[in-house]
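S.K.: Here it is, the structure, as structure tokens.
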Amino acid sequence: MVNGFYPQNLDEALDLLSKHDVVPYAGGTDLMVQDKPNQTYLFVGKLPELRNISEDDEYVRIGAAVTFTEALASPLVPQFMKEAVSRIAAPAIRNAGTFGGNLGNGSAKADSVLVEYATGAKICVASVRGERVIPVEQFYKGRKELDLAPDELILEVLLPKLGIDDYYYHKVGGRQALAISRVSFGGLLSVEDGVITRFTCAFGAVSGTVLRYPDLEAQLVGRTVEEARGASEKVIASYAERMQLTRGRVSAEYRKDVCLNLLGDFLASKGI
Ligand SMILES: Cc1cc2nc3c(=O)[nH]c(=O)nc-3n(C[C@H](O)[C@H](O)[C@H](O)COP(=O)(O)OP(=O)(O)OC[C@H]3O[C@@H](n4cnc5c(N)ncnc54)[C@H](O)[C@@H]3O)c2cc1C
């Protein structure tokens with residue numbers, strides 16, 4: 001038996017959240033494996049305001065209650081995100097699991113969150129007090145620690161539209177399918193007139209949060225591809241020096257080797 005509220009719209013949900021000690025849930029794929037019989041839940045999975053995928057000039061906006069299966073079917077969702085969510089679990093989980101739940105779980109293994117880090121996405125949250133838009137790397141304050149007040153709901157993900165076609169994505173799991181990431185890697189590299197204009201690398205499942213190092217990324221921006229090729233060993237070495245990884249089911253050393261190999265492969269795939 002699960003106790004819960006079933007609000008019909010966002011205003012009602014936010015009002016309930018401001019007055020009751022409730023836990024929001026959407027697909028329940030993370031929450032329902034926990035055994036908390038006395039918990040009261042707020043079902044947000046069918047709130048119309050959280051169910052849209054839309055776009056404006058700058059962003060594809062993915063509602064928090066959009067499922068992975070729905071995102072895979074949408075022409076608006078970029079291929080980078082589709083590739084990552086297509087690797088989540090199996091169809092039954094993808095049919096129920098949502099973008100808001102993937103964020104709300106607060107895990108650095110969350111596959112859609114890796115793409116949000118790599119692309120510099122923002123997260124829109126709302127409460128009866130109003131809305132806030134937060135860069136994803138600030139939304140994650142630490143392992144299972146989010147910049148989300150108890151009365152706030154995740155509303156949508158703002159995924160930048162520009163410059164994210166030239167991506168690299170790789171997920172390493174214990175098997176080909178139905179595998180939680182042991183290491184995941186997403187990167188972007190844009191070149192205009194032979195000069196690198198954007199270089200990002202996000203490493204998932206290797207620490208308390210997804211990791212990005214903007215100052216190390218800056219080493220390649222503004223260089224020609226030729227210059228970058230000459231600098232690639234130094235760039236990889238700078239990541240090796242900086243990365244402090246945690247042990248999970250596999251050792252920190254293994255994870256670090258995999259991260260650096262993926263970084264090298266990413267650069268090589270772009271001719272660097
Ligand atoms: C067998 C299995 C395999 C899995 N494999 C993967 C995998 O490969 N990759 C991966 O990334 N994940 C995986 N997961 C985890 C899970 O499916 C995802 O994290 C999914 O996105 C959770 O979405 P949900 O809607 O089911 O979340 P829920 O279980 O409903 O909620 C998860 C958390 O988010 C919070 N929450 C949900 N919606 C909101 C909202 N709108 N605002 C605020 N908080 C909210 C909840 O309170 C809860 O803390 C797997 C899970 C299972 C059971």
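By convention here, the chains of the structure tokens are called A, B, ... in the order presented, each chain's residues are numbered starting at 1, and ligands are numbered starting at 1 in the order presented.
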Could you list the protein, DNA and RNA residues that have any atom within 8 Å of ligand 1, counting only C-alpha atoms and all ligand atoms, and write them as a PyMOL selection string?

M.R.: chain A and resi 23-33+44-45+50+64-65+67-68+85+87-90+93-94+96-107+109-113+125+148+152-156+178-181

S.K.: Using DSSP assignments from the backbone, pull out every residue in stretch 47-173 of chain A that falls under strand (DSSP E) and give it to me as a VMD selection string.

M.R.: chain A and resid 53 to 55 59 to 63 122 to 127 130 to 135 140 to 142 145 to 146 153 to 160 167 to 173

S.K.: For A:Ile236, work out the shell of residues within 10 Å, counting only C-alpha atoms and skipping chain neighbours fewer than 3 positions away, then give it as a list in words.

M.R.: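 Neighbouring residues, sequence-local ones excluded: Leu216, Ala231, Ser232, Glu233, Tyr239, Ala240, Glu241, Cys259, Leu260, Asn261, Leu263, Gly264 and Leu267 of chain A.
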
S.K.: Keeping only N, CA, C and O atoms, write the selected residues to a file as a PDB file, in the first residue's frame.

M.R.:
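After the write, out.pdb holds the following:
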ATOM      1  N   LEU A 216      40.865  22.901 -17.862  1.00  0.00           N
ATOM      2  CA  LEU A 216      41.617  21.966 -18.709  1.00  0.00           C
ATOM      3  C   LEU A 216      41.043  21.958 -20.127  1.00  0.00           C
ATOM      4  O   LEU A 216      41.785  21.846 -21.110  1.00  0.00           O
ATOM      5  N   ALA A 231      49.419  19.047 -28.938  1.00  0.00           N
ATOM      6  CA  ALA A 231      49.263  19.278 -27.490  1.00  0.00           C
ATOM      7  C   ALA A 231      48.493  18.156 -26.794  1.00  0.00           C
ATOM      8  O   ALA A 231      48.330  18.180 -25.575  1.00  0.00           O
ATOM      9  N   SER A 232      48.024  17.167 -27.564  1.00  0.00           N
ATOM     10  CA  SER A 232      47.065  16.210 -26.980  1.00  0.00           C
ATOM     11  C   SER A 232      47.658  15.418 -25.811  1.00  0.00           C
ATOM     12  O   SER A 232      46.993  15.198 -24.803  1.00  0.00           O
ATOM     13  N   GLU A 233      48.926  15.014 -25.936  1.00  0.00           N
ATOM     14  CA  GLU A 233      49.523  14.227 -24.836  1.00  0.00           C
ATOM     15  C   GLU A 233      49.560  15.048 -23.558  1.00  0.00           C
ATOM     16  O   GLU A 233      49.289  14.548 -22.461  1.00  0.00           O
ATOM     17  N   TYR A 239      44.775  15.932 -17.360  1.00  0.00           N
ATOM     18  CA  TYR A 239      43.607  15.251 -16.771  1.00  0.00           C
ATOM     19  C   TYR A 239      44.069  14.170 -15.787  1.00  0.00           C
ATOM     20  O   TYR A 239      43.497  14.008 -14.713  1.00  0.00           O
ATOM     21  N   ALA A 240      45.118  13.444 -16.174  1.00  0.00           N
ATOM     22  CA  ALA A 240      45.621  12.370 -15.295  1.00  0.00           C
ATOM     23  C   ALA A 240      46.038  12.947 -13.949  1.00  0.00           C
ATOM     24  O   ALA A 240      45.795  12.358 -12.894  1.00  0.00           O
ATOM     25  N   GLU A 241      46.648  14.114 -13.998  1.00  0.00           N
ATOM     26  CA  GLU A 241      47.122  14.736 -12.760  1.00  0.00           C
ATOM     27  C   GLU A 241      45.952  15.228 -11.904  1.00  0.00           C
ATOM     28  O   GLU A 241      45.955  15.107 -10.690  1.00  0.00           O
ATOM     29  N   CYS A 259      38.804   6.412 -18.115  1.00  0.00           N
ATOM     30  CA  CYS A 259      38.521   7.829 -18.438  1.00  0.00           C
ATOM     31  C   CYS A 259      39.564   8.391 -19.399  1.00  0.00           C
ATOM     32  O   CYS A 259      39.229   9.049 -20.394  1.00  0.00           O
ATOM     33  N   LEU A 260      40.831   8.126 -19.098  1.00  0.00           N
ATOM     34  CA  LEU A 260      41.901   8.698 -19.924  1.00  0.00           C
ATOM     35  C   LEU A 260      41.922   8.051 -21.309  1.00  0.00           C
ATOM     36  O   LEU A 260      42.162   8.725 -22.318  1.00  0.00           O
ATOM     37  N   ASN A 261      41.633   6.755 -21.358  1.00  0.00           N
ATOM     38  CA  ASN A 261      41.561   6.084 -22.667  1.00  0.00           C
ATOM     39  C   ASN A 261      40.425   6.660 -23.507  1.00  0.00           C
ATOM     40  O   ASN A 261      40.563   6.862 -24.716  1.00  0.00           O
ATOM     41  N   LEU A 263      39.132   9.659 -23.212  1.00  0.00           N
ATOM     42  CA  LEU A 263      39.527  11.013 -23.615  1.00  0.00           C
ATOM     43  C   LEU A 263      40.449  10.943 -24.842  1.00  0.00           C
ATOM     44  O   LEU A 263      40.266  11.683 -25.820  1.00  0.00           O
ATOM     45  N   GLY A 264      41.421  10.028 -24.788  1.00  0.00           N
ATOM     46  CA  GLY A 264      42.337   9.862 -25.927  1.00  0.00           C
ATOM     47  C   GLY A 264      41.591   9.444 -27.181  1.00  0.00           C
ATOM     48  O   GLY A 264      41.844   9.954 -28.278  1.00  0.00           O
ATOM     49  N   LEU A 267      39.648  12.416 -28.624  1.00  0.00           N
ATOM     50  CA  LEU A 267      40.515  13.341 -29.370  1.00  0.00           C
ATOM     51  C   LEU A 267      40.931  12.719 -30.704  1.00  0.00           C
ATOM     52  O   LEU A 267      40.875  13.381 -31.751  1.00  0.00           O
TER      53      LEU A 267
END

S.K.: Record the distance separating atom CA of A:Leu47 and atom CA of A:Leu72, expressed in Å with one decimal.

M.R.: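 Atom-to-atom, atom CA of A:Leu47 and atom CA of A:Leu72 are spaced 20.0 Å apart.
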
S.K.: For a quick check of understanding, using only C-alpha atoms, which of A:Arg61, A:Arg143, A:Lys46, A:Lys270 has the smallest distance to A:Lys161?

M.R.: A:Arg61

S.K.: Please, what distance in Å, to one decimal, runs between atom CA of A:Thr119 and atom CA of A:Lys144?

M.R.: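 Taking atom CA of A:Thr119 as the start and atom CA of A:Lys144 as the end point, the length is 21.3 Å.
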
S.K.: To one decimal place, how far is atom CA of A:Lys234 from atom CA of A:Arg212 in Å?

M.R.: 17.3 Å

S.K.: Just the alpha helix (DSSP H) stuff from stretch 61-139 of chain A, please, per backbone DSSP, written as a PyMOL selection string.

M.R.: chain A and resi 68-73+79-86+91-96+99-104+111-119+136-139

S.K.: Can I get the selected residues back with N, CA and C atoms, as an mmCIF file, in the first residue's frame?

M.R.:
data_model
loop_
_atom_site.group_PDB
_atom_site.id
_atom_site.type_symbol
_atom_site.label_atom_id
_atom_site.label_comp_id
_atom_site.auth_asym_id
_atom_site.auth_seq_id
_atom_site.Cartn_x
_atom_site.Cartn_y
_atom_site.Cartn_z
ATOM 1 N N PHE A 68 12.078 8.417 -21.014
ATOM 2 C CA PHE A 68 13.182 8.223 -21.969
ATOM 3 C C PHE A 68 12.643 7.722 -23.310
ATOM 4 N N THR A 69 11.644 6.860 -23.267
ATOM 5 C CA THR A 69 11.060 6.352 -24.521
ATOM 6 C C THR A 69 10.456 7.498 -25.328
ATOM 7 N N GLU A 70 9.783 8.416 -24.632
ATOM 8 C CA GLU A 70 9.192 9.568 -25.336
ATOM 9 C C GLU A 70 10.283 10.442 -25.946
ATOM 10 N N ALA A 71 11.370 10.640 -25.215
ATOM 11 C CA ALA A 71 12.463 11.471 -25.743
ATOM 12 C C ALA A 71 13.073 10.820 -26.985
ATOM 13 N N LEU A 72 13.192 9.493 -26.949
ATOM 14 C CA LEU A 72 13.786 8.799 -28.101
ATOM 15 C C LEU A 72 12.926 8.957 -29.351
ATOM 16 N N ALA A 73 11.615 9.153 -29.150
ATOM 17 C CA ALA A 73 10.703 9.277 -30.295
ATOM 18 C C ALA A 73 10.560 10.723 -30.768
ATOM 19 N N GLN A 79 20.621 14.077 -30.924
ATOM 20 C CA GLN A 79 21.130 12.711 -31.006
ATOM 21 C C GLN A 79 22.037 12.361 -29.825
ATOM 22 N N PHE A 80 22.806 13.330 -29.345
ATOM 23 C CA PHE A 80 23.711 13.099 -28.205
ATOM 24 C C PHE A 80 22.896 12.579 -27.016
ATOM 25 N N MET A 81 21.790 13.266 -26.713
ATOM 26 C CA MET A 81 20.949 12.827 -25.588
ATOM 27 C C MET A 81 20.291 11.488 -25.909
ATOM 28 N N LYS A 82 19.853 11.330 -27.151
ATOM 29 C CA LYS A 82 19.195 10.061 -27.510
ATOM 30 C C LYS A 82 20.148 8.884 -27.347
ATOM 31 N N GLU A 83 21.396 9.097 -27.747
ATOM 32 C CA GLU A 83 22.339 7.982 -27.637
ATOM 33 C C GLU A 83 22.516 7.573 -26.174
ATOM 34 N N ALA A 84 22.610 8.572 -25.292
ATOM 35 C CA ALA A 84 22.801 8.252 -23.868
ATOM 36 C C ALA A 84 21.565 7.568 -23.285
ATOM 37 N N VAL A 85 20.372 8.089 -23.555
ATOM 38 C CA VAL A 85 19.193 7.483 -22.915
ATOM 39 C C VAL A 85 18.833 6.139 -23.547
ATOM 40 N N SER A 86 19.267 5.928 -24.788
ATOM 41 C CA SER A 86 18.992 4.618 -25.400
ATOM 42 C C SER A 86 19.770 3.511 -24.695
ATOM 43 N N PRO A 91 13.804 -1.578 -22.157
ATOM 44 C CA PRO A 91 12.603 -0.818 -22.536
ATOM 45 C C PRO A 91 11.621 -0.565 -21.387
ATOM 46 N N ALA A 92 11.404 -1.525 -20.509
ATOM 47 C CA ALA A 92 10.405 -1.327 -19.444
ATOM 48 C C ALA A 92 10.797 -0.150 -18.542
ATOM 49 N N ILE A 93 12.085 -0.039 -18.228
ATOM 50 C CA ILE A 93 12.554 1.077 -17.386
ATOM 51 C C ILE A 93 12.503 2.377 -18.189
ATOM 52 N N ARG A 94 12.886 2.317 -19.462
ATOM 53 C CA ARG A 94 12.861 3.544 -20.279
ATOM 54 C C ARG A 94 11.423 4.039 -20.495
ATOM 55 N N ASN A 95 10.465 3.131 -20.472
ATOM 56 C CA ASN A 95 9.057 3.537 -20.629
ATOM 57 C C ASN A 95 8.550 4.295 -19.411
ATOM 58 N N ALA A 96 9.133 4.036 -18.249
ATOM 59 C CA ALA A 96 8.650 4.660 -17.007
ATOM 60 C C ALA A 96 9.600 5.740 -16.496
ATOM 61 N N PHE A 99 13.286 12.163 -16.999
ATOM 62 C CA PHE A 99 14.436 13.062 -16.876
ATOM 63 C C PHE A 99 14.493 13.684 -15.478
ATOM 64 N N GLY A 100 13.324 14.043 -14.940
ATOM 65 C CA GLY A 100 13.303 14.618 -13.592
ATOM 66 C C GLY A 100 13.762 13.607 -12.557
ATOM 67 N N GLY A 101 13.346 12.360 -12.724
ATOM 68 C CA GLY A 101 13.746 11.312 -11.789
ATOM 69 C C GLY A 101 15.233 11.013 -11.875
ATOM 70 N N ASN A 102 15.773 11.059 -13.082
ATOM 71 C CA ASN A 102 17.205 10.817 -13.271
ATOM 72 C C ASN A 102 18.023 11.890 -12.542
ATOM 73 N N LEU A 103 17.542 13.134 -12.613
ATOM 74 C CA LEU A 103 18.194 14.227 -11.878
ATOM 75 C C LEU A 103 17.937 14.096 -10.376
ATOM 76 N N GLY A 104 16.674 13.834 -10.032
ATOM 77 C CA GLY A 104 16.259 13.836 -8.625
ATOM 78 C C GLY A 104 16.937 12.756 -7.810
ATOM 79 N N ASP A 111 22.538 8.635 -16.659
ATOM 80 C CA ASP A 111 23.050 8.771 -18.024
ATOM 81 C C ASP A 111 22.601 10.049 -18.732
ATOM 82 N N SER A 112 21.370 10.509 -18.470
ATOM 83 C CA SER A 112 20.951 11.757 -19.135
ATOM 84 C C SER A 112 21.688 12.949 -18.527
ATOM 85 N N VAL A 113 22.051 12.836 -17.254
ATOM 86 C CA VAL A 113 22.726 13.950 -16.565
ATOM 87 C C VAL A 113 24.127 14.168 -17.139
ATOM 88 N N LEU A 114 24.776 13.091 -17.567
ATOM 89 C CA LEU A 114 26.106 13.226 -18.186
ATOM 90 C C LEU A 114 26.031 14.169 -19.387
ATOM 91 N N VAL A 115 25.017 13.977 -20.218
ATOM 92 C CA VAL A 115 24.866 14.818 -21.416
ATOM 93 C C VAL A 115 24.548 16.256 -21.009
ATOM 94 N N GLU A 116 23.791 16.394 -19.928
ATOM 95 C CA GLU A 116 23.465 17.747 -19.445
ATOM 96 C C GLU A 116 24.741 18.465 -18.992
ATOM 97 N N TYR A 117 25.647 17.750 -18.355
ATOM 98 C CA TYR A 117 26.935 18.354 -17.978
ATOM 99 C C TYR A 117 27.749 18.704 -19.229
ATOM 100 N N ALA A 118 27.861 17.762 -20.146
ATOM 101 C CA ALA A 118 28.735 17.973 -21.314
ATOM 102 C C ALA A 118 28.272 19.144 -22.168
ATOM 103 N N THR A 119 26.954 19.384 -22.185
ATOM 104 C CA THR A 119 26.413 20.440 -23.049
ATOM 105 C C THR A 119 26.177 21.750 -22.300
ATOM 106 N N VAL A 136 23.467 22.985 -14.474
ATOM 107 C CA VAL A 136 23.414 21.628 -13.904
ATOM 108 C C VAL A 136 24.562 21.368 -12.936
ATOM 109 N N GLU A 137 25.754 21.933 -13.216
ATOM 110 C CA GLU A 137 26.889 21.645 -12.328
ATOM 111 C C GLU A 137 26.735 22.338 -10.973
ATOM 112 N N GLN A 138 25.843 23.332 -10.906
ATOM 113 C CA GLN A 138 25.545 23.930 -9.594
ATOM 114 C C GLN A 138 24.360 23.232 -8.931
ATOM 115 N N PHE A 139 23.490 22.665 -9.766
ATOM 116 C CA PHE A 139 22.338 21.925 -9.230
ATOM 117 C C PHE A 139 22.817 20.718 -8.415
#

S.K.: List the neighbours of A:Leu189 out to 7 Å using only C-alpha atoms; skip same-chain residues closer than 4 positions along the sequence, and give me the result as number ranges by chain.

M.R.: A: 166-167, 198-200

S.K.: Would you mind listing what lies within 7 Å of A:Gly142 as a PDB file with all heavy atoms, in the first residue's frame, with only C-alpha atoms counted and same-chain residues fewer than 2 positions away left out?

M.R.:
ATOM      1  N   TYR A 140      23.891  20.093  -8.899  1.00  0.00           N
ATOM      2  CA  TYR A 140      24.507  18.974  -8.153  1.00  0.00           C
ATOM      3  C   TYR A 140      25.535  19.550  -7.185  1.00  0.00           C
ATOM      4  O   TYR A 140      26.587  20.020  -7.599  1.00  0.00           O
ATOM      5  CB  TYR A 140      25.226  18.022  -9.110  1.00  0.00           C
ATOM      6  CG  TYR A 140      24.356  16.917  -9.636  1.00  0.00           C
ATOM      7  CD1 TYR A 140      23.383  17.174 -10.586  1.00  0.00           C
ATOM      8  CD2 TYR A 140      24.504  15.613  -9.181  1.00  0.00           C
ATOM      9  CE1 TYR A 140      22.569  16.158 -11.069  1.00  0.00           C
ATOM     10  CE2 TYR A 140      23.698  14.593  -9.664  1.00  0.00           C
ATOM     11  CZ  TYR A 140      22.742  14.876 -10.603  1.00  0.00           C
ATOM     12  OH  TYR A 140      21.946  13.870 -11.070  1.00  0.00           O
ATOM     13  N   LYS A 144      24.289  12.758  -4.061  1.00  0.00           N
ATOM     14  CA  LYS A 144      22.915  12.756  -3.533  1.00  0.00           C
ATOM     15  C   LYS A 144      22.532  14.087  -2.894  1.00  0.00           C
ATOM     16  O   LYS A 144      21.647  14.141  -2.044  1.00  0.00           O
ATOM     17  CB  LYS A 144      22.735  11.624  -2.499  1.00  0.00           C
ATOM     18  CG  LYS A 144      23.000  10.238  -3.031  1.00  0.00           C
ATOM     19  CD  LYS A 144      21.783   9.649  -3.691  1.00  0.00           C
ATOM     20  CE  LYS A 144      22.055   8.279  -4.273  1.00  0.00           C
ATOM     21  NZ  LYS A 144      21.035   7.853  -5.227  1.00  0.00           N
ATOM     22  N   GLU A 145      23.232  15.139  -3.248  1.00  0.00           N
ATOM     23  CA  GLU A 145      22.975  16.455  -2.665  1.00  0.00           C
ATOM     24  C   GLU A 145      22.649  17.433  -3.784  1.00  0.00           C
ATOM     25  O   GLU A 145      23.516  17.732  -4.618  1.00  0.00           O
ATOM     26  CB  GLU A 145      24.252  16.920  -1.964  1.00  0.00           C
ATOM     27  CG  GLU A 145      24.049  17.473  -0.581  1.00  0.00           C
ATOM     28  CD  GLU A 145      25.340  18.109  -0.101  1.00  0.00           C
ATOM     29  OE1 GLU A 145      26.366  17.401  -0.082  1.00  0.00           O
ATOM     30  OE2 GLU A 145      25.306  19.292   0.194  1.00  0.00           O
ATOM     31  N   GLY A 208      31.470  11.644  -6.820  1.00  0.00           N
ATOM     32  CA  GLY A 208      30.164  11.960  -6.230  1.00  0.00           C
ATOM     33  C   GLY A 208      29.230  12.672  -7.193  1.00  0.00           C
ATOM     34  O   GLY A 208      28.010  12.577  -7.091  1.00  0.00           O
ATOM     35  N   THR A 209      29.809  13.427  -8.108  1.00  0.00           N
ATOM     36  CA  THR A 209      29.020  14.091  -9.159  1.00  0.00           C
ATOM     37  C   THR A 209      29.702  13.807 -10.495  1.00  0.00           C
ATOM     38  O   THR A 209      30.843  13.334 -10.523  1.00  0.00           O
ATOM     39  CB  THR A 209      28.993  15.628  -8.970  1.00  0.00           C
ATOM     40  OG1 THR A 209      30.336  16.119  -9.115  1.00  0.00           O
ATOM     41  CG2 THR A 209      28.465  16.027  -7.592  1.00  0.00           C
TER      42      THR A 209
END

S.K.: Quick one: of A:Thr40, A:Leu16, A:Val157, A:Gly4, who's nearest to A:Gly63, counting only C-alpha atoms?

M.R.: A:Val157

S.K.: Which residue is closest to A:Ile123? Choose from A:Gly230, A:Gly204, A:Pro160, A:Pro150 and count only C-alpha atoms.

M.R.: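 Nearest candidate to A:Ile123 out of A:Gly230, A:Gly204, A:Pro160, A:Pro150: A:Pro160.
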
S.K.: Neighbours of A:Phe185 within 7 Å (only C-alpha atoms; same-chain residues fewer than 6 positions away dropped), as a compact mmCIF listing (two decimals) with C-alpha atoms, in the first residue's frame?

M.R.:
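Output saved as selection-v4.txt:
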# COMPACT_ATOMS: atom_id res chain seq x y z
CA TYR A 169 29.65 9.35 -26.15
CA HIS A 170 30.67 6.10 -24.54
CA LYS A 171 29.20 4.13 -21.66
CA ALA A 202 32.19 15.11 -18.87
CA PHE A 203 33.03 11.99 -16.88
CA GLY A 204 30.17 10.11 -15.23

S.K.: Smallest atom-to-atom distance to A:Val250: which of A:Val60, A:Gly120, A:Val183, A:Asp11, using only C-alpha atoms?

M.R.: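 Nearest to A:Val250: A:Val183.
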
S.K.: Any idea what's packed within 9 Å of stretch 222-224 of chain A, counting only C-alpha atoms, ignoring anything in its chain fewer than 3 positions away? Could you give it as a list in words?

M.R.: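 Surrounding residues, per the criterion: Val191, Asp193, Gly194, Val195, Ile196, Thr197, Arg198, Ala218, Gln219, Glu227, Ala228 and Arg229 of chain A.
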